[in-house]
>>> print(open('coords_33.tsv').read())   # TSV, C-alpha atoms
chain	number	residue	atom	x	y	z
A	315	MET	CA	-8.61	1.90	32.71
A	316	ARG	CA	-10.89	0.99	29.83
A	317	PHE	CA	-9.58	-0.47	26.60
A	318	ALA	CA	-11.17	-0.71	23.19
A	319	VAL	CA	-10.09	-4.00	21.64
A	320	VAL	CA	-10.56	-3.73	17.88
A	321	GLN	CA	-12.01	-6.70	15.98
A	322	PHE	CA	-11.03	-6.91	12.34
A	323	PRO	CA	-12.39	-9.70	10.15
A	324	GLY	CA	-9.82	-12.41	10.89
A	325	SER	CA	-8.68	-11.15	14.31
A	326	ASN	CA	-8.42	-14.13	16.64
A	327	CYS	CA	-6.79	-12.84	19.84
A	328	ASP	CA	-9.45	-10.22	20.54
A	329	GLN	CA	-11.29	-12.30	23.16
A	330	ASP	CA	-8.01	-13.28	24.80
A	331	CYS	CA	-7.07	-9.61	25.16
A	332	VAL	CA	-10.43	-8.76	26.71
A	333	HIS	CA	-10.10	-11.70	29.10
A	334	ALA	CA	-6.54	-10.86	30.12
A	335	LEU	CA	-7.39	-7.20	30.72
A	336	GLN	CA	-10.37	-8.17	32.86
A	337	VAL	CA	-8.28	-10.64	34.83
A	338	LEU	CA	-5.94	-7.72	35.51
A	339	GLY	CA	-8.83	-5.63	36.80
A	340	GLN	CA	-9.22	-3.46	33.73
A	341	GLU	CA	-12.30	-2.77	31.65
A	342	ALA	CA	-12.37	-3.86	28.03
A	343	ARG	CA	-14.89	-3.62	25.22
A	344	LEU	CA	-14.81	-5.10	21.74
A	345	VAL	CA	-15.03	-2.61	18.90
A	346	TRP	CA	-15.89	-3.75	15.36
A	347	HIS	CA	-13.50	-2.36	12.75
A	348	GLY	CA	-16.40	-0.69	10.90
A	349	GLU	CA	-17.08	1.56	13.87
A	350	THR	CA	-15.47	4.95	14.21
A	351	LYS	CA	-15.70	5.84	17.87
A	352	ILE	CA	-12.84	5.65	20.32
A	353	ASP	CA	-13.46	7.52	23.58
A	354	PRO	CA	-10.84	10.09	24.58
A	355	GLU	CA	-10.04	8.30	27.85
A	356	GLU	CA	-9.74	4.80	26.38
A	357	GLY	CA	-6.68	2.79	25.50
A	358	VAL	CA	-6.71	0.89	22.21
A	359	ILE	CA	-5.57	-2.68	21.55
A	360	LEU	CA	-5.09	-3.99	18.01
A	361	PRO	CA	-5.06	-7.73	18.66
A	362	GLY	CA	-3.35	-10.60	16.91
A	363	GLY	CA	-4.80	-12.73	14.18
A	364	PHE	CA	-5.00	-12.63	10.41
A	365	SER	CA	-6.95	-9.51	9.54
A	366	TYR	CA	-8.40	-9.85	6.03
A	367	GLY	CA	-6.66	-13.19	5.68
A	368	ASP	CA	-3.30	-11.39	5.44
A	369	TYR	CA	-4.26	-10.56	1.83
A	370	LEU	CA	-1.73	-8.46	-0.07
A	371	ARG	CA	0.49	-8.00	3.01
A	372	CYS	CA	-0.17	-8.54	6.72
A	373	GLY	CA	-2.08	-5.52	7.97
A	374	ALA	CA	-2.22	-3.80	4.57
A	375	ILE	CA	-6.01	-3.91	4.20
A	376	ALA	CA	-6.88	-3.49	7.89
A	377	ARG	CA	-5.08	-0.18	7.81
A	378	PHE	CA	-7.92	1.21	5.69
A	379	SER	CA	-10.70	0.08	8.05
A	380	PRO	CA	-12.95	2.93	9.25
A	381	ILE	CA	-11.82	2.53	12.88
A	382	MET	CA	-8.19	3.20	11.95
A	383	LYS	CA	-8.79	6.93	11.44
A	384	SER	CA	-9.97	7.11	15.06
A	385	VAL	CA	-7.06	4.97	16.24
A	386	LYS	CA	-4.68	7.40	14.54
A	387	GLN	CA	-6.41	10.36	16.18
A	388	ALA	CA	-6.27	8.62	19.55
A	389	ALA	CA	-2.53	8.07	19.12
A	390	GLU	CA	-2.06	11.71	18.16
A	391	ARG	CA	-3.96	12.76	21.28
A	392	GLY	CA	-1.48	10.75	23.32
A	393	GLN	CA	-3.80	7.86	24.17
A	394	VAL	CA	-2.29	4.43	24.64
A	395	VAL	CA	-2.30	2.21	21.54
A	396	VAL	CA	-0.91	-1.34	21.67
A	397	GLY	CA	-0.55	-3.52	18.59
A	398	ILE	CA	0.14	-7.17	19.31
A	399	CYS	CA	1.42	-9.44	16.52
A	400	ASN	CA	-0.96	-8.70	13.60
A	401	GLY	CA	-1.71	-5.45	15.45
A	402	PHE	CA	2.00	-4.54	15.25
A	403	GLN	CA	1.91	-5.25	11.52
A	404	ILE	CA	-1.15	-3.00	11.16
A	405	LEU	CA	0.53	-0.17	13.13
A	406	CYS	CA	3.55	-0.33	10.79
A	407	GLU	CA	1.36	-0.39	7.67
A	408	ALA	CA	-0.61	2.57	9.04
A	409	GLY	CA	2.59	4.54	9.65
A	410	LEU	CA	1.99	4.80	13.40
A	411	LEU	CA	5.25	2.93	13.88
A	412	PRO	CA	8.21	2.88	11.47
A	413	GLY	CA	9.48	-0.14	9.56
A	414	ALA	CA	7.76	-3.31	8.39
A	415	LEU	CA	7.34	-6.94	9.42
A	416	THR	CA	8.45	-9.40	6.75
A	417	ARG	CA	8.46	-13.18	6.31
A	418	ASN	CA	10.36	-15.02	9.04
A	419	GLU	CA	13.90	-15.67	7.93
A	420	GLY	CA	13.55	-19.44	8.38
A	421	LEU	CA	10.15	-19.44	6.60
A	422	HIS	CA	8.58	-21.33	9.51
A	423	PHE	CA	5.54	-20.16	11.38
A	424	ARG	CA	6.95	-19.99	14.92
A	425	CYS	CA	4.48	-20.83	17.68
A	426	GLU	CA	6.35	-21.25	20.96
A	427	PRO	CA	7.37	-19.41	24.12
A	428	ALA	CA	10.17	-16.93	23.38
A	429	TRP	CA	12.59	-15.13	25.65
A	430	ILE	CA	12.59	-11.38	25.34
A	431	ARG	CA	14.64	-8.85	27.24
A	432	VAL	CA	13.36	-5.53	28.53
A	433	GLU	CA	15.73	-2.91	27.13
A	434	THR	CA	14.58	0.05	29.20
A	435	PRO	CA	11.96	0.69	31.87
A	436	ALA	CA	11.52	4.18	30.41
A	437	SER	CA	8.06	3.75	28.95
A	438	ARG	CA	4.71	3.01	30.53
A	439	PHE	CA	4.75	-0.41	28.88
A	440	THR	CA	8.01	-1.42	30.54
A	441	SER	CA	7.66	0.50	33.79
A	442	HIS	CA	6.99	-2.70	35.74
A	443	TYR	CA	10.32	-4.19	34.77
A	444	GLY	CA	14.01	-3.47	35.19
A	445	THR	CA	16.57	-3.03	32.42
A	446	GLY	CA	17.70	-6.42	31.18
A	447	GLU	CA	14.83	-8.26	32.86
A	448	MET	CA	13.94	-11.37	30.90
A	449	LEU	CA	10.38	-12.35	30.07
A	450	LYS	CA	9.08	-15.58	28.61
A	451	ILE	CA	6.20	-14.71	26.34
A	452	PRO	CA	4.50	-16.80	23.64
A	453	ILE	CA	4.99	-15.90	20.00
A	454	ALA	CA	2.88	-17.13	17.08
A	455	HIS	CA	3.73	-15.60	13.72
A	456	GLY	CA	4.98	-16.27	10.22
A	457	GLU	CA	5.85	-12.67	9.39
A	458	GLY	CA	7.58	-11.12	12.35
A	459	CYS	CA	10.96	-10.26	10.91
A	460	TYR	CA	11.34	-6.56	11.65
A	461	ARG	CA	12.99	-4.50	8.94
A	462	ALA	CA	13.67	-0.77	8.69
A	463	SER	CA	16.24	1.45	7.00
A	464	PRO	CA	19.61	1.82	8.78
A	465	GLU	CA	18.66	5.43	9.60
A	466	ILE	CA	15.42	4.36	11.28
A	467	LEU	CA	17.15	1.56	13.20
A	468	GLN	CA	19.74	4.04	14.42
A	469	GLU	CA	17.03	6.46	15.49
A	470	LEU	CA	15.12	3.72	17.36
A	471	GLU	CA	18.27	2.75	19.23
A	472	ALA	CA	19.37	6.32	19.97
A	473	GLN	CA	15.94	7.20	21.36
A	474	GLN	CA	15.69	3.96	23.35
A	475	ARG	CA	12.55	3.01	21.48
A	476	VAL	CA	13.48	-0.67	21.21
A	477	LEU	CA	11.61	-1.78	24.31
A	478	PHE	CA	11.91	-5.54	23.83
A	479	ARG	CA	14.60	-7.61	22.14
A	480	TYR	CA	14.67	-11.37	21.54
A	481	CYS	CA	17.37	-13.11	23.53
A	482	ASN	CA	18.55	-16.59	24.37
A	483	ALA	CA	17.96	-18.26	27.74
A	484	GLU	CA	21.08	-16.49	29.05
A	485	GLY	CA	19.70	-13.10	28.13
A	486	GLN	CA	22.04	-12.47	25.23
A	487	GLY	CA	20.63	-10.80	22.16
A	488	VAL	CA	22.15	-13.26	19.72
A	489	ARG	CA	21.03	-14.97	16.54
A	490	ASP	CA	20.05	-18.24	18.21
A	491	GLY	CA	17.63	-16.41	20.50
A	492	ASN	CA	15.99	-14.64	17.57
A	493	PRO	CA	13.08	-16.68	16.18
A	494	ASN	CA	12.47	-14.73	12.97
A	495	GLY	CA	15.63	-12.90	11.90
A	496	SER	CA	14.48	-9.43	13.04
A	497	SER	CA	17.01	-6.62	12.62
A	498	HIS	CA	18.73	-5.82	15.92
A	499	ASN	CA	16.73	-8.75	17.43
A	500	ILE	CA	13.79	-6.37	17.74
A	501	ALA	CA	10.65	-7.82	19.34
A	502	GLY	CA	8.87	-4.58	20.23
A	503	ILE	CA	9.21	-0.84	19.65
A	504	CYS	CA	7.37	2.34	20.60
A	505	ASN	CA	6.78	5.66	18.85
A	506	ASP	CA	8.70	8.80	19.77
A	507	ARG	CA	5.96	9.97	22.15
A	508	ARG	CA	6.14	6.53	23.77
A	509	ASN	CA	2.36	6.04	23.82
A	510	VAL	CA	2.17	3.58	20.90
A	511	LEU	CA	3.64	0.10	21.34
A	512	GLY	CA	4.00	-2.63	18.74
A	513	LEU	CA	5.27	-6.09	19.66
A	514	MET	CA	5.19	-9.54	18.11
A	515	PRO	CA	4.99	-11.59	21.36
A	516	HIS	CA	1.58	-12.06	22.99
A	517	PRO	CA	1.50	-10.67	26.57
A	518	GLU	CA	-2.23	-11.45	26.80
A	519	ARG	CA	-1.39	-15.16	26.62
A	520	CYS	CA	0.65	-15.13	29.81
A	521	CYS	CA	-1.25	-13.21	32.45
A	522	GLU	CA	-2.44	-16.12	34.57
A	523	VAL	CA	-0.58	-18.89	36.38
A	524	GLU	CA	-2.95	-21.40	34.75
A	525	MET	CA	-1.68	-20.26	31.35
A	526	GLY	CA	1.86	-21.23	32.19
A	527	GLY	CA	3.24	-17.87	33.19
A	528	VAL	CA	2.48	-14.29	34.19
A	529	ASP	CA	5.35	-12.46	32.49
A	530	GLY	CA	2.97	-10.51	30.25
A	531	ARG	CA	1.06	-8.88	33.09
A	532	GLY	CA	3.41	-5.95	33.54
A	533	ILE	CA	3.10	-4.93	29.88
A	534	LEU	CA	-0.70	-4.73	29.99
A	535	LEU	CA	-0.78	-3.21	33.48
A	536	GLY	CA	1.80	-0.66	32.37
A	537	ALA	CA	-0.32	0.13	29.33
A	538	ALA	CA	-3.24	0.65	31.71
A	539	GLY	CA	-1.16	3.05	33.78
A	540	VAL	CA	-1.33	0.83	36.87
A	541	GLY	CA	1.62	1.43	39.16
A	542	ARG	CA	4.74	-0.67	39.17
A	543	LYS	CA	4.81	-4.14	40.72
A	544	ILE	CA	1.60	-5.63	41.98
B	1329	MET	CA	-25.80	1.95	-34.21
B	1330	GLY	CA	-24.13	-0.09	-31.53
B	1331	ILE	CA	-23.62	0.79	-27.91
B	1332	PRO	CA	-20.69	3.19	-27.71
B	1333	GLU	CA	-17.70	1.33	-26.36
B	1334	VAL	CA	-16.21	2.55	-23.12
B	1335	PRO	CA	-12.48	2.84	-23.58
B	1336	MET	CA	-10.54	0.67	-21.14
B	1337	MET	CA	-7.05	0.81	-19.76
B	1338	LYS	CA	-5.12	-1.97	-18.15
B	1339	ALA	CA	-2.52	-1.33	-15.49
B	1340	ILE	CA	-0.10	-4.04	-14.49
B	1341	VAL	CA	1.72	-3.43	-11.23
B	1342	THR	CA	4.66	-5.69	-10.45
B	1343	VAL	CA	5.71	-5.63	-6.81
B	1344	THR	CA	9.10	-7.01	-5.86
B	1345	LEU	CA	11.04	-7.15	-2.62
B	1346	LYS	CA	13.87	-4.64	-2.43
B	1347	PRO	CA	17.22	-6.26	-3.20
B	1348	SER	CA	18.33	-5.65	0.41
B	1349	ILE	CA	15.36	-7.64	1.80
B	1350	LEU	CA	15.92	-11.35	2.22
B	1351	ASP	CA	13.39	-13.47	0.30
B	1352	PRO	CA	13.15	-16.78	2.20
B	1353	GLN	CA	10.34	-17.94	-0.14
B	1354	GLY	CA	12.56	-17.43	-3.14
B	1355	GLU	CA	15.37	-19.26	-1.38
B	1356	ALA	CA	13.07	-22.21	-0.63
B	1357	VAL	CA	12.10	-22.38	-4.31
B	1358	ALA	CA	15.76	-22.24	-5.29
B	1359	HIS	CA	16.40	-25.20	-2.96
B	1360	ALA	CA	13.47	-27.10	-4.51
B	1361	LEU	CA	14.91	-26.48	-7.98
B	1362	ASN	CA	18.15	-27.90	-6.76
B	1363	HIS	CA	16.29	-31.00	-5.51
B	1364	MET	CA	14.61	-31.25	-8.93
B	1365	GLY	CA	18.04	-31.53	-10.40
B	1366	VAL	CA	17.93	-28.16	-12.15
B	1367	LYS	CA	21.41	-26.73	-12.37
B	1368	GLY	CA	22.63	-23.18	-12.78
B	1369	VAL	CA	19.81	-21.23	-11.07
B	1370	LYS	CA	21.71	-18.66	-9.06
B	1371	SER	CA	18.79	-17.10	-7.23
B	1372	VAL	CA	15.00	-16.89	-7.12
B	1373	ARG	CA	13.04	-13.84	-6.00
B	1374	ILE	CA	9.26	-13.91	-5.67
B	1375	GLY	CA	7.02	-10.90	-6.25
B	1376	LYS	CA	3.41	-10.04	-7.02
B	1377	HIS	CA	1.69	-9.38	-10.34
B	1378	ILE	CA	-1.40	-7.19	-9.93
B	1379	GLU	CA	-3.75	-6.32	-12.82
B	1380	LEU	CA	-6.18	-3.43	-12.70
B	1381	GLU	CA	-8.85	-2.83	-15.37
B	1382	ILE	CA	-9.78	0.82	-15.49
B	1383	GLU	CA	-12.71	2.44	-17.26
B	1384	GLY	CA	-11.87	5.43	-19.43
B	1385	GLY	CA	-8.97	6.32	-21.67
B	1386	GLU	CA	-5.63	7.53	-20.45
B	1387	GLU	CA	-6.67	10.75	-18.85
B	1388	LYS	CA	-4.30	13.25	-17.46
B	1389	GLY	CA	-3.32	12.21	-13.98
B	1390	LEU	CA	-4.13	8.49	-14.35
B	1391	ARG	CA	-0.51	7.45	-14.16
B	1392	ALA	CA	0.07	9.65	-11.12
B	1393	LYS	CA	-3.04	8.17	-9.47
B	1394	LEU	CA	-1.80	4.64	-10.13
B	1395	GLU	CA	1.61	5.50	-8.73
B	1396	GLU	CA	-0.10	6.75	-5.59
B	1397	ILE	CA	-2.20	3.55	-5.34
B	1398	SER	CA	0.94	1.47	-5.79
B	1399	LYS	CA	2.80	3.35	-3.08
B	1400	GLU	CA	-0.08	3.57	-0.61
B	1401	LEU	CA	-1.63	0.13	-0.88
B	1402	LEU	CA	-0.25	-2.28	-3.46
B	1403	SER	CA	3.32	-2.09	-2.19
B	1404	ASN	CA	5.03	-1.20	1.08
B	1405	PRO	CA	7.88	1.19	0.23
B	1406	VAL	CA	9.78	0.07	3.35
B	1407	MET	CA	10.46	-3.34	1.85
B	1408	GLU	CA	9.17	-3.38	-1.73
B	1409	ASN	CA	9.65	-1.73	-5.12
B	1410	PHE	CA	6.98	-1.57	-7.81
B	1411	HIS	CA	6.92	-1.24	-11.57
B	1412	LEU	CA	3.89	0.20	-13.33
B	1413	ASP	CA	2.91	-0.75	-16.87
B	1414	LEU	CA	-0.07	1.08	-18.34
B	1415	ARG	CA	-1.61	0.07	-21.64
B	1416	ALA	CA	-4.79	0.59	-23.68
B	1417	GLY	CA	-7.45	-2.12	-23.76
B	1418	GLY	CA	-9.19	-4.24	-21.12
>>> encode(input="coords_33.tsv", output="structure tokens")
Amino acid sequence: MRFAVVQFPGSNCDQDCVHALQVLGQEARLVWHGETKIDPEEGVILPGGFSYGDYLRCGAIARFSPIMKSVKQAAERGQVVVGICNGFQILCEAGLLPGALTRNEGLHFRCEPAWIRVETPASRFTSHYGTGEMLKIPIAHGEGCYRASPEILQELEAQQRVLFRYCNAEGQGVRDGNPNGSSHNIAGICNDRRNVLGLMPHPERCCEVEMGGVDGRGILLGAAGVGRKI
Amino acid sequence: MGIPEVPMMKAIVTVTLKPSILDPQGEAVAHALNHMGVKGVKSVRIGKHIELEIEGGEEKGLRAKLEEISKELLSNPVMENFHLDLRAGG
């Protein structure tokens, strides 16, 4: 499958995403945020970084980039859209996912491998995994504390749209496994059509043995629609 | 005969975190105040002060437009409140 990886001014994981997708046998092209064309058969990746220097709020300015209208249309057409880290923040600001990412509870910028737990295989992004499967995936963010109204949180849970939750090394979703204070230990959610994923951890950083782990492969392969288990 | 002056308006938008949202920055400042030896500060909350200079007098709809700007861009209604103060002059 081909992916359009969007470059905003300040994106810094765009090349990593392209590399990881290519390593996994997928096609990827970089798309400047001032462009407006997303092909109907492409997937879209909004990569990590600091779009517009995180001015005003993370993702607040990027949301108004020309490409975002096309990203919205792609999502509405049912195309795959994945927002990683800053991309997740942009998806929330753009209203493609509910809630918001706020300053980490402990104020620290957390840059480390984190344990996350797959909550359900019922989405293309988690189809390579089993329920409760633990993944070790790098995080690198200062504003990853997920917040939403109690009604939205309830809806996300009821519809099994929390795809990934932070956990400790024993797989328990508890406070000491949660690096940023996110509500319900949320690390990643999808929209109700289950074609838009936002997550704070960086799957593109762990797709090769040389990078210290391959736990992120299934997320990107799932996004690409490649069958379970390779 | 001077150049006719363009009337100006100034809008001040104050964005604050909703009371239910934890403000770790504010807490850090409160700790620092404690280290400074300042007593009696119960809490600190940090927000944003945004000034907009707008050409033209207060036309009909200006306030509504500013409210829209504040909701759509200057604040994120999921986690923030805003207060709009509109006054004459640049």
>>> residues_around(input="coords_33.tsv", residues="range 1376-1387 of chain B", least_positions_apart="3", cutoff="9 Å", atoms="all atoms listed in the file", output="mmCIF file with C-alpha atoms, in the frame of the given file")
data_model
loop_
_atom_site.group_PDB
_atom_site.id
_atom_site.type_symbol
_atom_site.label_atom_id
_atom_site.label_comp_id
_atom_site.auth_asym_id
_atom_site.auth_seq_id
_atom_site.Cartn_x
_atom_site.Cartn_y
_atom_site.Cartn_z
ATOM 1 C CA LEU A 370 -1.730 -8.460 -0.070
ATOM 2 C CA VAL B 1334 -16.210 2.550 -23.120
ATOM 3 C CA PRO B 1335 -12.480 2.840 -23.580
ATOM 4 C CA MET B 1336 -10.540 0.670 -21.140
ATOM 5 C CA MET B 1337 -7.050 0.810 -19.760
ATOM 6 C CA LYS B 1338 -5.120 -1.970 -18.150
ATOM 7 C CA ALA B 1339 -2.520 -1.330 -15.490
ATOM 8 C CA ILE B 1340 -0.100 -4.040 -14.490
ATOM 9 C CA VAL B 1341 1.720 -3.430 -11.230
ATOM 10 C CA THR B 1342 4.660 -5.690 -10.450
ATOM 11 C CA VAL B 1343 5.710 -5.630 -6.810
ATOM 12 C CA THR B 1344 9.100 -7.010 -5.860
ATOM 13 C CA LEU B 1390 -4.130 8.490 -14.350
ATOM 14 C CA ARG B 1391 -0.510 7.450 -14.160
ATOM 15 C CA LEU B 1402 -0.250 -2.280 -3.460
ATOM 16 C CA LEU B 1414 -0.070 1.080 -18.340
ATOM 17 C CA ARG B 1415 -1.610 0.070 -21.640
ATOM 18 C CA ALA B 1416 -4.790 0.590 -23.680
ATOM 19 C CA GLY B 1417 -7.450 -2.120 -23.760
ATOM 20 C CA GLY B 1418 -9.190 -4.240 -21.120
#
>>> residues_around(input="coords_33.tsv", residues="Met1407 in chain B", least_positions_apart="2", cutoff="9 Å", atoms="all atoms listed in the file", output="list in words")
Gly413, Ala414, Leu415, Thr416, Arg461 and Ala462 of chain A; Thr1344, Leu1345, Lys1346, Pro1347, Ser1348, Ile1349, Ser1403, Asn1404, Pro1405 and Asn1409 of chain B
>>> closest_residue(input="coords_33.tsv", among="B:Ala1358, B:Ile1397, B:Val1406, B:Ala1392", to="chain A", atoms="all atoms listed in the file")
B:Val1406
>>> residues_around(input="coords_33.tsv", residues="range 490-500 of chain A", least_positions_apart="6", cutoff="6 Å", atoms="all atoms listed in the file", output="count of residues only")
9
>>> atom_distance(input="coords_33.tsv", atom1="CA of Ala1360 in chain B", atom2="CA of Glu426 in chain A")
27.1 Å
>>> atom_distance(input="coords_33.tsv", atom1="CA of Arg371 in chain A", atom2="CA of Pro1352 in chain B")
15.4 Å
>>> atom_distance(input="coords_33.tsv", atom1="CA of Thr440 in chain A", atom2="CA of Val476 in chain A")
10.8 Å
>>> residues_around(input="coords_33.tsv", residues="Pro354 in chain A", least_positions_apart="6", cutoff="9 Å", atoms="all atoms listed in the file", output="PyMOL selection string")
chain A and resi 388+391+393
>>> closest_residue(input="coords_33.tsv", among="B:Ala1356, B:Leu1394, B:Ile1374, B:Met1364", to="chain A", atoms="all atoms listed in the file")
B:Ala1356
>>> closest_residue(input="coords_33.tsv", among="B:Glu1396, B:Leu1350, B:Val1372, B:Glu1333", to="chain A", atoms="only C-alpha atoms")
B:Leu1350
>>> closest_residue(input="coords_33.tsv", among="B:Gly1389, B:Val1369, B:Phe1410, B:Glu1400", to="chain A", atoms="only C-alpha atoms")
B:Glu1400
>>> closest_residue(input="coords_33.tsv", among="B:Ile1331, B:Gly1375, B:Asp1413, B:Lys1399", to="Asp1351 in chain B", atoms="all atoms listed in the file")
B:Gly1375
>>> closest_residue(input="coords_33.tsv", among="A:Lys450, A:Arg519, A:His442, A:His422", to="chain B", atoms="all atoms listed in the file")
A:His422
>>> residues_around(input="coords_33.tsv", residues="range 533-535 of chain A", least_positions_apart="6", cutoff="10 Å", atoms="only C-alpha atoms", output="VMD selection string")
chain A and resid 315 331 334 to 335 338 to 340 359 396 438 to 443 511 517 to 518 521 541 to 544
>>> write_last_selection(input="coords_33.tsv", atoms="C-alpha atoms", output="CSV table (one decimal), keeping the file's coordinate frame")
chain,number,residue,atom,x,y,z
A,315,MET,CA,-8.6,1.9,32.7
A,331,CYS,CA,-7.1,-9.6,25.2
A,334,ALA,CA,-6.5,-10.9,30.1
A,335,LEU,CA,-7.4,-7.2,30.7
A,338,LEU,CA,-5.9,-7.7,35.5
A,339,GLY,CA,-8.8,-5.6,36.8
A,340,GLN,CA,-9.2,-3.5,33.7
A,359,ILE,CA,-5.6,-2.7,21.6
A,396,VAL,CA,-0.9,-1.3,21.7
A,438,ARG,CA,4.7,3.0,30.5
A,439,PHE,CA,4.8,-0.4,28.9
A,440,THR,CA,8.0,-1.4,30.5
A,441,SER,CA,7.7,0.5,33.8
A,442,HIS,CA,7.0,-2.7,35.7
A,443,TYR,CA,10.3,-4.2,34.8
A,511,LEU,CA,3.6,0.1,21.3
A,517,PRO,CA,1.5,-10.7,26.6
A,518,GLU,CA,-2.2,-11.4,26.8
A,521,CYS,CA,-1.2,-13.2,32.4
A,541,GLY,CA,1.6,1.4,39.2
A,542,ARG,CA,4.7,-0.7,39.2
A,543,LYS,CA,4.8,-4.1,40.7
A,544,ILE,CA,1.6,-5.6,42.0
>>> residues_near_point(input="coords_33.tsv", point="(16.5, -11.1, 27.5)", cutoff="6 Å", atoms="only C-alpha atoms", output="mmCIF file with C-alpha atoms, in the coordinates of the input")
data_model
loop_
_atom_site.group_PDB
_atom_site.id
_atom_site.type_symbol
_atom_site.label_atom_id
_atom_site.label_comp_id
_atom_site.auth_asym_id
_atom_site.auth_seq_id
_atom_site.Cartn_x
_atom_site.Cartn_y
_atom_site.Cartn_z
ATOM 1 C CA TRP A 429 12.590 -15.130 25.650
ATOM 2 C CA ILE A 430 12.590 -11.380 25.340
ATOM 3 C CA ARG A 431 14.640 -8.850 27.240
ATOM 4 C CA MET A 448 13.940 -11.370 30.900
ATOM 5 C CA CYS A 481 17.370 -13.110 23.530
ATOM 6 C CA GLY A 485 19.700 -13.100 28.130
#
>>> build_atoms(input="coords_33.tsv", residues="range 1384-1398 of chain B", atoms="N, CA and C atoms", output="PDB file, in the coordinates of the input")
ATOM      1  N   GLY B1384     -12.299   4.112 -18.948  1.00  0.00           N
ATOM      2  CA  GLY B1384     -11.870   5.430 -19.430  1.00  0.00           C
ATOM      3  C   GLY B1384     -10.521   5.333 -20.096  1.00  0.00           C
ATOM      4  N   GLY B1385     -10.245   6.297 -20.962  1.00  0.00           N
ATOM      5  CA  GLY B1385      -8.970   6.320 -21.670  1.00  0.00           C
ATOM      6  C   GLY B1385      -7.886   6.845 -20.748  1.00  0.00           C
ATOM      7  N   GLU B1386      -6.710   7.018 -21.294  1.00  0.00           N
ATOM      8  CA  GLU B1386      -5.630   7.530 -20.450  1.00  0.00           C
ATOM      9  C   GLU B1386      -5.819   9.024 -20.248  1.00  0.00           C
ATOM     10  N   GLU B1387      -6.468   9.338 -19.144  1.00  0.00           N
ATOM     11  CA  GLU B1387      -6.670  10.750 -18.850  1.00  0.00           C
ATOM     12  C   GLU B1387      -5.422  11.281 -18.174  1.00  0.00           C
ATOM     13  N   LYS B1388      -5.395  12.602 -18.166  1.00  0.00           N
ATOM     14  CA  LYS B1388      -4.300  13.250 -17.460  1.00  0.00           C
ATOM     15  C   LYS B1388      -4.396  12.863 -15.983  1.00  0.00           C
ATOM     16  N   GLY B1389      -3.311  12.505 -15.414  1.00  0.00           N
ATOM     17  CA  GLY B1389      -3.320  12.210 -13.980  1.00  0.00           C
ATOM     18  C   GLY B1389      -3.525  10.744 -13.646  1.00  0.00           C
ATOM     19  N   LEU B1390      -3.880   9.908 -14.647  1.00  0.00           N
ATOM     20  CA  LEU B1390      -4.130   8.490 -14.350  1.00  0.00           C
ATOM     21  C   LEU B1390      -2.860   7.798 -13.852  1.00  0.00           C
ATOM     22  N   ARG B1391      -1.766   8.086 -14.550  1.00  0.00           N
ATOM     23  CA  ARG B1391      -0.510   7.450 -14.160  1.00  0.00           C
ATOM     24  C   ARG B1391      -0.111   7.873 -12.730  1.00  0.00           C
ATOM     25  N   ALA B1392      -0.286   9.154 -12.459  1.00  0.00           N
ATOM     26  CA  ALA B1392       0.070   9.650 -11.120  1.00  0.00           C
ATOM     27  C   ALA B1392      -0.811   8.985 -10.061  1.00  0.00           C
ATOM     28  N   LYS B1393      -2.095   8.805 -10.409  1.00  0.00           N
ATOM     29  CA  LYS B1393      -3.040   8.170  -9.470  1.00  0.00           C
ATOM     30  C   LYS B1393      -2.600   6.730  -9.201  1.00  0.00           C
ATOM     31  N   LEU B1394      -2.222   6.042 -10.280  1.00  0.00           N
ATOM     32  CA  LEU B1394      -1.800   4.640 -10.130  1.00  0.00           C
ATOM     33  C   LEU B1394      -0.505   4.527  -9.319  1.00  0.00           C
ATOM     34  N   GLU B1395       0.371   5.500  -9.521  1.00  0.00           N
ATOM     35  CA  GLU B1395       1.610   5.500  -8.730  1.00  0.00           C
ATOM     36  C   GLU B1395       1.274   5.654  -7.243  1.00  0.00           C
ATOM     37  N   GLU B1396       0.305   6.518  -6.978  1.00  0.00           N
ATOM     38  CA  GLU B1396      -0.100   6.750  -5.590  1.00  0.00           C
ATOM     39  C   GLU B1396      -0.695   5.464  -4.994  1.00  0.00           C
ATOM     40  N   ILE B1397      -1.583   4.811  -5.781  1.00  0.00           N
ATOM     41  CA  ILE B1397      -2.200   3.550  -5.340  1.00  0.00           C
ATOM     42  C   ILE B1397      -1.109   2.516  -5.042  1.00  0.00           C
ATOM     43  N   SER B1398      -0.131   2.473  -5.926  1.00  0.00           N
ATOM     44  CA  SER B1398       0.940   1.470  -5.790  1.00  0.00           C
ATOM     45  C   SER B1398       1.760   1.720  -4.535  1.00  0.00           C
TER      46      SER B1398
END
